[in-house]
Amino acid sequence: MVKVTVDGIVVDVPPGSNVLQACEAAGKEVPRFCYHERLSVAGNCRMCLVEIEKAPPKPFASCAYPVNEGMVVHTDTPMVKKGRAGVMEFLLINHPLDCPICDQGGECDLQDQAVGYGRDSSRYTEAKRAVKDKDLGPLVKTVMTRCIQCTRCIRFSAEVAGTPELGATARGETMEVGTYVQKALTSELSGNLIDICPVGALTSKPYAFVARPWELKKTDSIDVLDAVGTNIRIDARGPEVLRVLPRLNEDVNEEWLADKGRFAIDGLKRRRLDSVWVKRDGKLQKAAWTDAFEAIDAKLKGVSGDRIGAIAGDLADAESMLALKELMAALGSANIDCRVDGAAIDASRRDFYTFNTSIAGIEEADAILIIGSNPRREAPLVNARILKRSRAGRLPVAVVGPAADLTYAAQNLGDGPAVLASLIDGTHPFAATLMAASKPMIIVGQGALRRADGAAVLAAAWKLAAEVGALSDTWHGFNMLHTAAARVGGLDLGFVPGKGGKDVGGMLGGGVDVLWLLGADALDTARIGANTFVIYQGHHGDAGAARADVILPGAAYTEKDGTYVNTEGRVQRGQRAIYPPGEAREDWKILRAFSGYTGKPLPYDTIEALRARLEAVNPVFARLDILPRFGCTDATGPAEAGAISGAPFVEAVPNYYQTDPISRASPTMAECTATYVAPIQAAAE
Amino acid sequence: MTEHAEPTAFAFDAESEAKITSILAKYPAGKQASAVLPLLDLAQRQMGRLTGSAWIPRVAMDTIAARLDMAPIRVYEVATFYFMFNMQPVGKYHLQLCTTTPCWLRGSDDVVATCRKVTGIKGWKETSADGLFTMTEVECVGACVNAPILQVNDDFFEDMDAESTEKLLEALKRGEYPKPGSVKGRQTSAPEGGPTTLTTLNFPAAE
């Protein structure tokens, strides 16, 4: 450690730190625009000036100056104050005074620091420069005249997003930040540019002119539009969710948020199920809750338990899945399944279906094999972590599956599972790479499991992990990457067929007479038997609701307290930001109410009681937010089932922007689809 | 930036390729991005050689990016930073007029006015109707002793005034290419009309 004195406070900082970090360690605020702790140091805004004793008598940019033993730093001398005021005056020379119409107003670094470190008035009377706005696609709005050229966005897109498309062209007075070729950013993380931009140059296009930050009620929650479990903050005003921002969680999302989680929220206001519908004379009609319960109850009366089934969808919270599971048990049914897409997941052991290395653990890995997954589309923040690790150097990555641009160098070993056999027996060259690695990772995606030979692929992947030494006492290198926020929670609480129960495939095609869909839309509803009575409980009029006989309007993730388990197996809780619209209710309450109506009341009346039950069913639900790292204690793999076919893997997420009822209802996501996905699909045809 | 037509394809020809091989050999493996400046220069010269207009179209920058394993934007950044790379088509003769203080004091305004009169060009970065000339205002080109300077493509024409400028441009129009250097016949930056100091010393004759 290096001893540094900042304004008389002695702090110890790790060698290689910069002076700015030392000042922060001493609790001294240092203004900055270009410096960002997750990006490389640019040192070009000059706002973080400090004075250093026994160094040349001039102000130093603290972000770009390394600490030395015994260094004495001052952040409050007249020289520092004058220097910062001068820098601020220069920055404001070309910055427009349009704060009243700027979306960054109220949460603008430049605004705040101008108050804190600037002069009270400008001495500049000449004409200001103006810069043409750039079109960066449907998500990021630009007002480039406001740009102070800190280059954070340029560094972010190259270093974190892995899509180096932004740059600073020309120079001096004519320097501009942009793509130069006027194209939409192709990153799934482009929304983070809005957060890191210290001024109002990059703002949210859908949120433009919508609200001021001080009008918003802020609620901490969890993103459910992929399985990463990104920590988010929901900003709402009245009955409307206006925006979603990431919260800091070093272990999961650092401080980033993928675009779908950020921008799909306008889908929460469209195609909503806000009243109860019951099919009468072949037509869905609005009804009261009691009418719906009566209709379901009447139908259930004449049906035996083994002809009733339930499927839990991709966005369901653990509480409502448990309530549905226990309702089904009370009705005498073991036909329950949460693997809507029919993925061959072995739920018998937790490490068969979780991302055991953990997302933060990716940074320790020294070789990665991805099987049947495109993490860039399935979990952009997991992909960003792999990129982060890859940029640190010496990380061989190989992919078995469709060729894709993952933003880092990845060798493609073939598009189908045929190559797995040669990897397992060690004859494939990449097997030697995995063997040589001390912390190899195998990532299995849903694309590898949603197929007839899914179970065999899963078994082969585990076997490969065992063969290459990825399963040791201290390192668990077998990882399953999920795409649905509900999946791991559902598997944890046992939302899988009980003894003699039918799975999704068995329930479809007339396998059951009554089918309860808890937000399950990701299945082919045409396969549901013609005579099956379908109850759809959910929040959007999507595929499931279209086939339903009774619709029970539920709450979206922003409208209920819910527990979600991310792909790592991390249990996290989201909180209600707004109330569900119209007649809609929180899902577990609907199930609890119906259980009472049908005379088999579930034994919990409050969410606390339900959560206590959840912990009783599986103790992992008691371990909130933290995820202990563990090695593999039992290398026995999932049961082998059948042979592996030569068929190529199909991408689990063909269109990143539309994967669930919320994003399918979102106009912003539809625009992204038209901008990014449609041209590619058209070119492929 | 004015609108202009961008070609749809660009490839280095054999002459450029031969040079690329020797340029790339200068840099260690993995550091080939260092060759971006010489390659941009090559592309501009090749365009001048083949089309008569020495500029760098976007496809050429994309070609260089692919060749050097760089993101295209990194090449755009470098190319737009340097004034010597033309991002839009220029005339056969690129008139680069220095108007920085020494040249200005020595009469660069006359040179500029004469260029405008002879070529009919009104603004900077514009090309004459006959496609022969483009006028660009440049900062100090580092030949102040021979100010004012009119740089035509790679060559400096020095000690210019209105008359010599007109003569030079007319000659270029006729397809001639006068000898570069001082139009007053000075030997590099030596005094006009021969040495004025150290005249009494008797140096041994140069071999």
# chains A, B, ... in the order shown; residues from 1 in each chain; ligands from 1

call {"tool": "interface_residues", "arguments": {"of": "chain A", "to": "chain B", "cutoff": "12 Å", "atoms": "only C-alpha atoms", "output": "PyMOL selection string"}}
result
chain A and resi 132+154-155+157-158+162-183+407

call {"tool": "residues_around", "arguments": {"residues": "Gly123 in chain B", "least_positions_apart": "5", "cutoff": "10 Å", "atoms": "only C-alpha atoms", "output": "VMD selection string"}}
result
chain B and resid 116 134 to 137

call {"tool": "select_by_dssp", "arguments": {"residues": "range 49-89 of chain B", "states": "alpha helix (DSSP H)", "output": "JSON, numbers by chain"}}
result
{"B": [49, 50, 51, 58, 59, 60, 61, 62, 63, 64, 65, 66, 67, 68, 72, 73, 74, 75, 76, 77, 78, 79, 80, 81]}

call {"tool": "residues_around", "arguments": {"residues": "Ser358 in chain A", "least_positions_apart": "3", "cutoff": "10 Å", "atoms": "only C-alpha atoms", "output": "MDAnalysis selection string"}}
result
chainID A and resid 251:252 354:355 361:363 382 476:477 479 567:570 627:630

call {"tool": "select_by_dssp", "arguments": {"residues": "range 423-481 of chain A", "states": "strand (DSSP E)", "output": "number ranges by chain"}}
result
A: 440-445, 478-481

call {"tool": "write_last_selection", "arguments": {"atoms": "all heavy atoms", "output": "PDB file, in the first residue's frame"}}
result
ATOM      1  N   PRO A 440     -11.371 -23.508 -16.259  1.00  0.00           N
ATOM      2  CA  PRO A 440     -12.158 -23.494 -17.497  1.00  0.00           C
ATOM      3  C   PRO A 440     -13.658 -23.365 -17.205  1.00  0.00           C
ATOM      4  O   PRO A 440     -14.129 -23.791 -16.152  1.00  0.00           O
ATOM      5  CB  PRO A 440     -11.844 -24.854 -18.124  1.00  0.00           C
ATOM      6  CG  PRO A 440     -11.481 -25.728 -16.979  1.00  0.00           C
ATOM      7  CD  PRO A 440     -10.934 -24.848 -15.889  1.00  0.00           C
ATOM      8  N   MET A 441     -14.362 -22.749 -18.123  1.00  0.00           N
ATOM      9  CA  MET A 441     -15.818 -22.599 -17.989  1.00  0.00           C
ATOM     10  C   MET A 441     -16.511 -23.228 -19.179  1.00  0.00           C
ATOM     11  O   MET A 441     -16.093 -23.054 -20.314  1.00  0.00           O
ATOM     12  CB  MET A 441     -16.200 -21.111 -17.992  1.00  0.00           C
ATOM     13  CG  MET A 441     -16.091 -20.402 -16.675  1.00  0.00           C
ATOM     14  SD  MET A 441     -16.569 -18.677 -16.903  1.00  0.00           S
ATOM     15  CE  MET A 441     -18.351 -18.815 -16.830  1.00  0.00           C
ATOM     16  N   ILE A 442     -17.588 -23.938 -18.894  1.00  0.00           N
ATOM     17  CA  ILE A 442     -18.465 -24.434 -19.949  1.00  0.00           C
ATOM     18  C   ILE A 442     -19.798 -23.718 -19.753  1.00  0.00           C
ATOM     19  O   ILE A 442     -20.362 -23.764 -18.659  1.00  0.00           O
ATOM     20  CB  ILE A 442     -18.702 -25.955 -19.832  1.00  0.00           C
ATOM     21  CG1 ILE A 442     -17.378 -26.707 -19.661  1.00  0.00           C
ATOM     22  CG2 ILE A 442     -19.535 -26.466 -20.991  1.00  0.00           C
ATOM     23  CD1 ILE A 442     -16.606 -26.954 -20.898  1.00  0.00           C
ATOM     24  N   ILE A 443     -20.273 -23.039 -20.772  1.00  0.00           N
ATOM     25  CA  ILE A 443     -21.561 -22.349 -20.672  1.00  0.00           C
ATOM     26  C   ILE A 443     -22.537 -23.028 -21.624  1.00  0.00           C
ATOM     27  O   ILE A 443     -22.287 -23.102 -22.828  1.00  0.00           O
ATOM     28  CB  ILE A 443     -21.423 -20.857 -21.027  1.00  0.00           C
ATOM     29  CG1 ILE A 443     -20.452 -20.173 -20.070  1.00  0.00           C
ATOM     30  CG2 ILE A 443     -22.783 -20.171 -20.989  1.00  0.00           C
ATOM     31  CD1 ILE A 443     -20.153 -18.718 -20.405  1.00  0.00           C
ATOM     32  N   VAL A 444     -23.620 -23.543 -21.068  1.00  0.00           N
ATOM     33  CA  VAL A 444     -24.622 -24.217 -21.887  1.00  0.00           C
ATOM     34  C   VAL A 444     -25.831 -23.297 -22.005  1.00  0.00           C
ATOM     35  O   VAL A 444     -26.377 -22.844 -21.000  1.00  0.00           O
ATOM     36  CB  VAL A 444     -25.041 -25.550 -21.258  1.00  0.00           C
ATOM     37  CG1 VAL A 444     -26.034 -26.264 -22.158  1.00  0.00           C
ATOM     38  CG2 VAL A 444     -23.830 -26.421 -21.014  1.00  0.00           C
ATOM     39  N   GLY A 445     -26.230 -23.022 -23.231  1.00  0.00           N
ATOM     40  CA  GLY A 445     -27.373 -22.135 -23.449  1.00  0.00           C
ATOM     41  C   GLY A 445     -28.651 -22.913 -23.677  1.00  0.00           C
ATOM     42  O   GLY A 445     -28.635 -24.139 -23.845  1.00  0.00           O
ATOM     43  N   PHE A 478     -19.176 -25.528 -14.572  1.00  0.00           N
ATOM     44  CA  PHE A 478     -20.343 -25.855 -15.398  1.00  0.00           C
ATOM     45  C   PHE A 478     -21.398 -24.773 -15.206  1.00  0.00           C
ATOM     46  O   PHE A 478     -21.790 -24.460 -14.079  1.00  0.00           O
ATOM     47  CB  PHE A 478     -20.931 -27.215 -15.010  1.00  0.00           C
ATOM     48  CG  PHE A 478     -22.152 -27.575 -15.831  1.00  0.00           C
ATOM     49  CD1 PHE A 478     -22.017 -28.163 -17.076  1.00  0.00           C
ATOM     50  CD2 PHE A 478     -23.424 -27.289 -15.357  1.00  0.00           C
ATOM     51  CE1 PHE A 478     -23.140 -28.460 -17.847  1.00  0.00           C
ATOM     52  CE2 PHE A 478     -24.550 -27.586 -16.122  1.00  0.00           C
ATOM     53  CZ  PHE A 478     -24.405 -28.176 -17.363  1.00  0.00           C
ATOM     54  N   ASN A 479     -21.845 -24.187 -16.318  1.00  0.00           N
ATOM     55  CA  ASN A 479     -22.764 -23.065 -16.216  1.00  0.00           C
ATOM     56  C   ASN A 479     -23.916 -23.219 -17.180  1.00  0.00           C
ATOM     57  O   ASN A 479     -23.708 -23.545 -18.350  1.00  0.00           O
ATOM     58  CB  ASN A 479     -22.049 -21.763 -16.553  1.00  0.00           C
ATOM     59  CG  ASN A 479     -20.938 -21.480 -15.580  1.00  0.00           C
ATOM     60  OD1 ASN A 479     -21.188 -21.050 -14.467  1.00  0.00           O
ATOM     61  ND2 ASN A 479     -19.715 -21.765 -15.994  1.00  0.00           N
ATOM     62  N   MET A 480     -25.119 -22.975 -16.659  1.00  0.00           N
ATOM     63  CA  MET A 480     -26.242 -22.901 -17.573  1.00  0.00           C
ATOM     64  C   MET A 480     -26.692 -21.453 -17.664  1.00  0.00           C
ATOM     65  O   MET A 480     -26.917 -20.798 -16.649  1.00  0.00           O
ATOM     66  CB  MET A 480     -27.398 -23.788 -17.122  1.00  0.00           C
ATOM     67  CG  MET A 480     -28.478 -23.812 -18.177  1.00  0.00           C
ATOM     68  SD  MET A 480     -29.774 -24.983 -17.801  1.00  0.00           S
ATOM     69  CE  MET A 480     -28.906 -26.509 -18.013  1.00  0.00           C
ATOM     70  N   LEU A 481     -26.779 -20.980 -18.890  1.00  0.00           N
ATOM     71  CA  LEU A 481     -27.223 -19.600 -19.101  1.00  0.00           C
ATOM     72  C   LEU A 481     -28.702 -19.628 -19.458  1.00  0.00           C
ATOM     73  O   LEU A 481     -29.091 -20.195 -20.480  1.00  0.00           O
ATOM     74  CB  LEU A 481     -26.408 -18.946 -20.219  1.00  0.00           C
ATOM     75  CG  LEU A 481     -26.700 -17.467 -20.449  1.00  0.00           C
ATOM     76  CD1 LEU A 481     -26.432 -16.658 -19.188  1.00  0.00           C
ATOM     77  CD2 LEU A 481     -25.866 -16.933 -21.595  1.00  0.00           C
TER      78      LEU A 481
END

call {"tool": "residues_around", "arguments": {"residues": "Pro178 in chain B", "least_positions_apart": "5", "cutoff": "12 Å", "atoms": "only C-alpha atoms", "output": "ChimeraX atom specification"}}
result
/B:152,155-157,164-165,167-173,183

call {"tool": "atom_distance", "arguments": {"atom1": "CA of Val488 in chain A", "atom2": "CA of Gly554 in chain A"}}
result
20.9 Å

call {"tool": "residues_around", "arguments": {"residues": "Ile551 in chain A", "least_positions_apart": "4", "cutoff": "10 Å", "atoms": "only C-alpha atoms", "output": "MDAnalysis selection string"}}
result
chainID A and resid 273:279 284:287 289 292 517 534:539 541 544:547

call {"tool": "residues_around", "arguments": {"residues": "range 22-35 of chain B", "least_positions_apart": "5", "cutoff": "10 Å", "atoms": "only C-alpha atoms", "output": "ChimeraX atom specification"}}
result
/B:17,40,64-65,67-70,74-75

call {"tool": "residues_around", "arguments": {"residues": "range 605-620 of chain A", "least_positions_apart": "5", "cutoff": "8 Å", "atoms": "only C-alpha atoms", "output": "ChimeraX atom specification"}}
result
/A:319,322-323,492-493,571,592

call {"tool": "atom_distance", "arguments": {"atom1": "CA of Val244 in chain A", "atom2": "CA of Ile311 in chain A"}}
result
28.8 Å

call {"tool": "closest_residue", "arguments": {"among": "B:Val118, B:Val59, B:Leu95, B:Ala147", "to": "Phe12 in chain B", "atoms": "only C-alpha atoms"}}
result
B:Val59
